[in-house]
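Chemist: Here's a structure for you.
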Amino acid sequence: MMLVHIAAVIGLLAGVCCANPVIYSKDGGESILIPKADQSLRVSVPFDYGWRFRFGHAPDGSPGPGDTAFSDIAGFGCTGMEHNPNRFTAGDCMTGCAYNPDCMVWQQDGQKHCYHGGATSECSKQTKPQYLYGGQRKTAPPVRTKYQYAEKTFNDQTWEVVDVPHDFVVLGNFVDMPDSHHGYLPRNVSWYRKSFHLPASFKGKHILVHFEGVFHVSQVWVNGQYVLMHNCGYTGFTVRLDNTTGLEIGTGNANVIVVRADATFGSGHWYEGGGIYRRTHLVAVDHVHFTHDGVFVSPEVSVGSAKINVRAEIETTGGTTGSAAAHFYLIGQDGKTVVSSVTSNTVSLHESSVSTAMATLTADNLKMWSVQETNLYTVHVQLEVTSPSNAATVTDSVNITTGFRQTSWTSAGGFQLNNNGFKLRGFSHHNSFTGVGTAIPDRVHLFRAQASRAVGGSFWRMSHNPYLPALYEFLDAVGVLTWDENRDYGIEYADAMHDMVKRDRNHPSIVIWSYCNEYECLQVSNQTGLSFRAVAKALDPQRPTAANGKTDGLDVQGMSHAGNSSFTNFHKDNPDMPLVLSECCSCQTQRLRRVETTTCMHSQNSPGLLPYVAGSLGVWTLFDYYGESHSWPSVTSSFGNFDLAGFPKPHAYWYVLNWLVMINASDHGRPPVATDHVTRILELFEDIESSVAVLTSGTAVELHVDGKSTGKMATRGTGEAVILPLVGNLTCSFPFNVSGVQCHKLQKQSSATNAKKCASACCAEEGCTVWQYAAEQGCWIGPVDPHNCSQEHHSEWVGGGRPPQKPFNISKVTAVSYDASGNVIGSHTLLKGGQAASILLTLDVPSNSTGTGNKLVLDGHDAALVRASVVDRAGVVLTNASANVTLSVLSGPGRLIGVGNGDNNCHTNAKSSTISVYGGHARGIFQVTRDCVSDHRDLITTIDVDHGSTEVETGACSSMESIVVQGTSEGLQAGRLAIDVSSSTDDLPLAVARRSVSLESFPYLTDFVG
């Protein structure tokens, strides 16, 4: 193992280290000093609290970029057009063109495909019009930048004060309108203003605000001066402040930053939200510094002996001259041992320049990152600047957390991780959750990651856009491989691909970059794919590129909802191209109104099992999401294994069985979740009629009805549901005598050879109400009204009838699974409930039952998922209950930020305090309202002028009082729940994730009723 040269490092420190060096151990027991990552070098302050918010466009403005006009060219055909696939309505197609100064023509055809053209496009009338909508302009006026809301002196005191992340679209009410893509929530423009002070300590610094994400097109002003426009709602951007004329630093006077978020149009055919829906940060650093996302530590190494490519972009903005170099220190997993270190090449510094310093770290015997063992290291990077007089100073310092692994994709071997091949199994996702829209709290993202692993998913497809940075840290921590996907596809959007790759390339979980999705990959020329490939390879030469569709410049071909024959034919024509089923299985159901989906899931996943296909990594989807409901009154999708509120649906258990229990523990793609069996009745108790469907990992399953066995049935071992009748050695009654008459429209039941067996056959047949038997004619059964049987005398017939109803007045059904030796390995029981008695509150997140910890951290952002259930006096959940539950905070540092119930037809406002139960349950999301954990809280209180819902404490937390929440419903006993809180960073979601690679169980799934 390469060791650090101590004398050289101590010599360096003599010139550049000020105070408080960190003492590390090098391999071998000696000590080594590394300059401490002093917070004064790079100060990053949370900038999330106290934003003034106004819904709607300014009185002197309008949706869109401002003054622009297109002449109508509907029915025209135009030359020189390029497919702009991410605009799904004519209005979106036009607005997207209007924001692009190079776009002069827009058209939409009958298939709702959008096309944009430039100044050289020529248009003429078509005799058979292909394009139903279109517009053309001669010039592109500048995007409007003058609004009264953007002026520094504008009086915003009547505006609401909010904290971000904040999705303003989910604040609205559902409206029946033609566009079903976006969840029937009206889109609009909205404005955010934040007044803030800059402390005197920021003087002479490079100062910026970093936005992790604003949807969709954002414009920014500082002290009334227009700064920039960012046109991708899924990538972050920075706003430099220190070069702003009249910036107030240390004067006691406030500055104002203004954001206009135009979400009137989107880039997706699903709900995308709007506003500052991700975190924001205020950063101050030396004028010679590492650029944002400019440090790259390649996770791709060779097993055994690792050569780690590292590079750092160094930016100069303040007139400093001289030279600079980057020092890289690889710190071991204990956080104390220096595994390796290296100094980069020296670069010359020039005003307003960016240079790249590169080096290679060498480290033998690295512990590799994998699905089962997420070994993570820290690379500490320091920037040393040498002045012309040879004085050395450390001006910047960053830490990069990463892991190291070896990956390969081949047409023959599929995917390999650290030389171990396995089939990929994973899910696609969309970024919305009940009650909060796209502003999803971090701990809820951790819950989603753990839920994926609990059903066997070790792959996460970022469909169809980059997600917030925290999610990738969770996936690194818990061992979920990732397909990172760009959103807008076209030559003019290559910068978005650049931003995604640059931001995310340090994550070991990401094993592939994707350009685009499905038909949105279609381009008129091949230049788009080639340009996207060039961008990706320049930033990250080693990861492969892919797409969930056909385009150019790919290393791996993904296919969406394709059958076996499509893969077979493609492989025949392209034998050297690796293949993967990157999207499949749009199998729809809900917790109520259940539909059998196991056949759908089995057949649509099957191409992933072909020997030349890497697997099925993008099952559609793990969770339901707002939008793509297809028709009113439904406002959410129905594809998820979990609904929009995070409650599991029946087909989640199919994946538990087929992707976890039936996968050998030695499979390197199996999540380390200790689930070794599954037994699950798929019906709700109220839906049971004459039989039940059971998913089981046993070799046999037995049904007990009110404690009496109906007999065992051998399973087929195929991972599919077993249908068990409620009869066997049980009897059911037929109160109507239909002997001596003949009933018509019955079906012959050949297996029943006597009257008793005929009656039993009718008992076992769902919907059967009449049985008749005659010696010569045999057994006949069917769903007919026994009162309508013929009155003519037929003495040879005996029989019985019953009204349409359940065959038994049963109260308990239990399925018991057995292994090959006859041992009981699991069971699942459904109980008949009594009258509704009370509201039961359950803490699902944070909870050990979901692998999400057990306390909320008082960091101003952490959030809990509370389940409100209607139960009877015995505590049985009533899945058919009708009740409205009002949720509230009785005491403690918390607030209710959203509600939902998972019903895709529910139109309750997401921010209401009252929500109906669905399948017995409703969901409340509660957020902490105190921050006594974040770094630089003293600066937060100095910087922020306005205060939203979060109280910032500069010292230690004044109280650890629990958050007490309540659920009430008319006529029912109220439920209460105390949510424990913490001030320890060990309880933060990321710290919990790093301790939760191996899950002993996931009781949330096994214990759920509903």
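Residues are referred to by chain and number: the chain letter is A, B, ... according to the order shown in the structure tokens, the number counts from 1 in that chain, and ligands are numbered separately from 1 in the order shown.
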Going by DSSP on the backbone, which bits of segment 564-813 of chain A are strand (DSSP E)? Write them as an MDAnalysis selection string, please.
Modeler: chainID A and resid 579:583 613:619 679:681 691:696 700:705 708:714 722:725 736:737 747:748 770:774 778:782 798:801 812:813
Chemist: With segment 404-418 of chain A as the partner and 9 Å as the cut-off, tabulate the residues of segment 487-576 of chain A that qualify, each row holding the nearest pair of atoms and their distance in Å to one decimal, using only C-alpha atoms, sorted by chain and rising number, as JSON lines.
Modeler:
```
{"residue": "A:Pro508", "atom": "CA", "partner": "A:Phe404", "partner_atom": "CA", "distance": 6.3}
{"residue": "A:Val511", "atom": "CA", "partner": "A:Thr407", "partner_atom": "CA", "distance": 7.3}
{"residue": "A:Arg543", "atom": "CA", "partner": "A:Thr407", "partner_atom": "CA", "distance": 8.6}
{"residue": "A:Pro544", "atom": "CA", "partner": "A:Trp409", "partner_atom": "CA", "distance": 8.2}
{"residue": "A:Asp555", "atom": "CA", "partner": "A:Trp409", "partner_atom": "CA", "distance": 8.6}
{"residue": "A:Val556", "atom": "CA", "partner": "A:Trp409", "partner_atom": "CA", "distance": 7.5}
{"residue": "A:His571", "atom": "CA", "partner": "A:Ser411", "partner_atom": "CA", "distance": 8.3}
{"residue": "A:Pro575", "atom": "CA", "partner": "A:Ser411", "partner_atom": "CA", "distance": 6.7}
{"residue": "A:Asp576", "atom": "CA", "partner": "A:Ser411", "partner_atom": "CA", "distance": 5.4}
```
Chemist: What would the file look like if the residues just selected were written as a JSON list (two decimals), in the first residue's frame with all heavy atoms?
Modeler:
```json
[["chain", "number", "residue", "atom", "x", "y", "z"],
["A", 508, "PRO", "N", -20.19, 6.20, -6.61],
["A", 508, "PRO", "CA", -19.92, 4.83, -7.07],
["A", 508, "PRO", "C", -21.17, 4.09, -7.50],
["A", 508, "PRO", "O", -21.09, 3.15, -8.30],
["A", 508, "PRO", "CB", -19.28, 4.17, -5.84],
["A", 508, "PRO", "CG", -19.80, 4.96, -4.68],
["A", 508, "PRO", "CD", -19.92, 6.37, -5.17],
["A", 511, "VAL", "N", -23.55, 3.72, -12.51],
["A", 511, "VAL", "CA", -22.75, 2.85, -13.37],
["A", 511, "VAL", "C", -23.02, 3.11, -14.85],
["A", 511, "VAL", "O", -22.40, 2.46, -15.71],
["A", 511, "VAL", "CB", -23.01, 1.36, -13.05],
["A", 511, "VAL", "CG1", -22.49, 1.02, -11.65],
["A", 511, "VAL", "CG2", -24.48, 1.01, -13.18],
["A", 543, "ARG", "N", -17.29, 5.66, -17.67],
["A", 543, "ARG", "CA", -18.64, 5.13, -17.61],
["A", 543, "ARG", "C", -19.23, 5.03, -19.01],
["A", 543, "ARG", "O", -19.04, 5.90, -19.84],
["A", 543, "ARG", "CB", -19.55, 5.99, -16.74],
["A", 543, "ARG", "CG", -19.39, 5.80, -15.24],
["A", 543, "ARG", "CD", -20.44, 6.60, -14.51],
["A", 543, "ARG", "NE", -20.32, 6.54, -13.06],
["A", 543, "ARG", "CZ", -19.61, 7.37, -12.32],
["A", 543, "ARG", "NH1", -18.92, 8.35, -12.90],
["A", 543, "ARG", "NH2", -19.57, 7.25, -11.01],
["A", 544, "PRO", "N", -20.05, 3.99, -19.25],
["A", 544, "PRO", "CA", -20.70, 3.86, -20.56],
["A", 544, "PRO", "C", -21.90, 4.79, -20.67],
["A", 544, "PRO", "O", -22.44, 5.28, -19.67],
["A", 544, "PRO", "CB", -21.14, 2.40, -20.59],
["A", 544, "PRO", "CG", -21.33, 2.04, -19.15],
["A", 544, "PRO", "CD", -20.30, 2.82, -18.39],
["A", 555, "ASP", "N", -23.04, 3.20, -25.78],
["A", 555, "ASP", "CA", -22.26, 2.01, -25.45],
["A", 555, "ASP", "C", -23.16, 0.84, -25.07],
["A", 555, "ASP", "O", -22.78, -0.32, -25.23],
["A", 555, "ASP", "CB", -21.32, 2.31, -24.27],
["A", 555, "ASP", "CG", -20.30, 3.38, -24.59],
["A", 555, "ASP", "OD1", -19.66, 3.29, -25.65],
["A", 555, "ASP", "OD2", -20.16, 4.31, -23.78],
["A", 556, "VAL", "N", -24.33, 1.13, -24.51],
["A", 556, "VAL", "CA", -25.30, 0.11, -24.09],
["A", 556, "VAL", "C", -26.66, 0.52, -24.63],
["A", 556, "VAL", "O", -27.06, 1.68, -24.49],
["A", 556, "VAL", "CB", -25.34, 0.00, -22.55],
["A", 556, "VAL", "CG1", -26.41, -1.01, -22.13],
["A", 556, "VAL", "CG2", -23.98, -0.40, -21.99],
["A", 571, "HIS", "N", -30.27, -8.30, -31.10],
["A", 571, "HIS", "CA", -29.00, -8.97, -30.81],
["A", 571, "HIS", "C", -28.45, -9.67, -32.06],
["A", 571, "HIS", "O", -27.23, -9.67, -32.29],
["A", 571, "HIS", "CB", -29.20, -9.99, -29.69],
["A", 571, "HIS", "CG", -27.95, -10.75, -29.34],
["A", 571, "HIS", "ND1", -26.85, -10.17, -28.78],
["A", 571, "HIS", "CD2", -27.65, -12.08, -29.50],
["A", 571, "HIS", "CE1", -25.90, -11.08, -28.60],
["A", 571, "HIS", "NE2", -26.37, -12.25, -29.02],
["A", 575, "PRO", "N", -24.62, -8.01, -32.64],
["A", 575, "PRO", "CA", -24.18, -9.01, -31.65],
["A", 575, "PRO", "C", -23.20, -8.47, -30.61],
["A", 575, "PRO", "O", -23.03, -9.08, -29.55],
["A", 575, "PRO", "CB", -23.53, -10.09, -32.52],
["A", 575, "PRO", "CG", -23.14, -9.39, -33.78],
["A", 575, "PRO", "CD", -24.19, -8.35, -34.01],
["A", 576, "ASP", "N", -22.54, -7.35, -30.89],
["A", 576, "ASP", "CA", -21.54, -6.83, -29.96],
["A", 576, "ASP", "C", -22.08, -5.74, -29.03],
["A", 576, "ASP", "O", -21.35, -5.24, -28.17],
["A", 576, "ASP", "CB", -20.34, -6.27, -30.73],
["A", 576, "ASP", "CG", -19.62, -7.34, -31.54],
["A", 576, "ASP", "OD1", -19.58, -8.50, -31.07],
["A", 576, "ASP", "OD2", -19.11, -7.03, -32.62]]
```
Chemist: Smallest atom-to-atom distance to Cys732 of chain A: which of A:Ala922, A:Val928, A:Cys768, A:Met94, using only C-alpha atoms?
Modeler: A:Cys768
Chemist: Given only C-alpha atoms, how would the per-residue table for segment 195-295 of chain A near segment 633-649 of chain A read, listing every residue at most 12 Å away with its closest atom pair and distance in Å to one decimal, sorted by chain and number, as JSON lines?
Modeler:
```
{"residue": "A:His269", "atom": "CA", "partner": "A:Ser637", "partner_atom": "CA", "distance": 11.7}
{"residue": "A:Trp270", "atom": "CA", "partner": "A:Ser637", "partner_atom": "CA", "distance": 9.1}
{"residue": "A:Tyr271", "atom": "CA", "partner": "A:Thr636", "partner_atom": "CA", "distance": 8.9}
```
Chemist: Hey, what does DSSP flag as helix (DSSP H, G or I) within segment 91-186 of chain A? Can you give it to me as a PyMOL selection string?
Modeler: chain A and resi 91-99+148-150+169-171
Chemist: Quick one: of A:Val952, A:Leu446, A:Ser959, A:Ser913, who's nearest to Leu896 of chain A, counting only C-alpha atoms?
Modeler: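 Of A:Val952, A:Leu446, A:Ser959, A:Ser913, the one nearest Leu896 of chain A is A:Ser913, counting only C-alpha atoms.
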Chemist: Within 8 Å of Ser827 of chain A, counting only C-alpha atoms, which residues show up once you throw out same-chain ones fewer than 5 positions away? Write them as a ChimeraX atom specification, please.
Modeler: /A:679-680,814-817
Chemist: Can those selected residues be exported to a file as a compact mmCIF listing (two decimals), in the first residue's frame so that it contains N, CA, C and O atoms?
Modeler:
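As a result, selection_21.txt now contains:
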```
# COMPACT_ATOMS: atom_id res chain seq x y z
N THR A 679 -45.34 -15.14 2.70
CA THR A 679 -46.69 -15.70 2.63
C THR A 679 -47.65 -14.52 2.67
O THR A 679 -47.65 -13.76 3.66
N ARG A 680 -48.42 -14.34 1.62
CA ARG A 680 -49.27 -13.16 1.57
C ARG A 680 -50.58 -13.46 0.85
O ARG A 680 -50.58 -13.93 -0.30
N THR A 814 -56.51 -17.65 7.40
CA THR A 814 -55.06 -17.72 7.56
C THR A 814 -54.47 -18.64 6.50
O THR A 814 -54.96 -19.76 6.29
N ALA A 815 -53.42 -18.15 5.83
CA ALA A 815 -52.64 -18.99 4.91
C ALA A 815 -51.35 -19.38 5.60
O ALA A 815 -50.65 -18.52 6.16
N VAL A 816 -51.04 -20.68 5.61
CA VAL A 816 -49.83 -21.20 6.26
C VAL A 816 -48.95 -21.84 5.21
O VAL A 816 -49.42 -22.69 4.43
N SER A 817 -47.68 -21.46 5.16
CA SER A 817 -46.74 -22.01 4.19
C SER A 817 -45.83 -23.04 4.84
O SER A 817 -45.43 -22.90 6.01
```
Chemist: Here is a test: counting only C-alpha atoms, which residue of A:Ala721, A:Ala263, A:Ile963, A:Ile681 is nearest to Val813 of chain A?
Modeler: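 Checking each candidate against Val813 of chain A, we get A:Ile681 as the closest.
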Chemist: Measuring between only C-alpha atoms, which one of A:Ala357, A:Cys743, A:Leu831, A:Leu858 shows the shortest distance to Pro989 of chain A?
Modeler: A:Leu858
Chemist: Just give me the gap between atom CA of Asn253 of chain A and atom CA of Asp944 of chain A in Å, one decimal is fine.
Modeler: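 Atom CA of Asp944 of chain A lies at a distance of 11.8 Å from atom CA of Asn253 of chain A.
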Chemist: Need to verify the contact set: Gly319 of chain A, 12 Å, only C-alpha atoms, exclusion of same-chain residues closer than 3 positions in sequence. Can you return it as a list in words?
Modeler: Gly204, Lys205, His206, Asp286, His287, Val288, Glu315, Thr316, Gly322, Leu349, His350, Glu351, Ser352, Ser353 and Ser387 of chain A
Chemist: Using only C-alpha atoms, which residues sit within 7 Å of segment 225-237 of chain A once same-chain residues fewer than 2 positions away are excluded, as a list in words?
Modeler: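 Listed by chain and then number, they are Thr145, His210, Phe211, Glu212, Gly213, Val214, Phe215, His216, Val217, Ser218, Gln219, Val220, Trp221, Val222, Asn223, Val239, Asn465, Pro466, Tyr467, Ala496, Asp499 and Met500 of chain A.
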Chemist: So the first atom is atom CA of Val478 of chain A and the second is atom CA of Ser982 of chain A; what is the distance between them in Å, to one decimal place?
Modeler: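 Value for the atom CA of Val478 of chain A-atom CA of Ser982 of chain A distance: 22.3 Å.
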Chemist: Using only C-alpha atoms, determine which residues lie at most 10 Å from Thr914 of chain A, disregarding the query and same-chain residues fewer than 3 positions distant; provide the list as a PyMOL selection string.
Modeler: chain A and resi 884-888+898-900+908-911+917+922+924+967-969
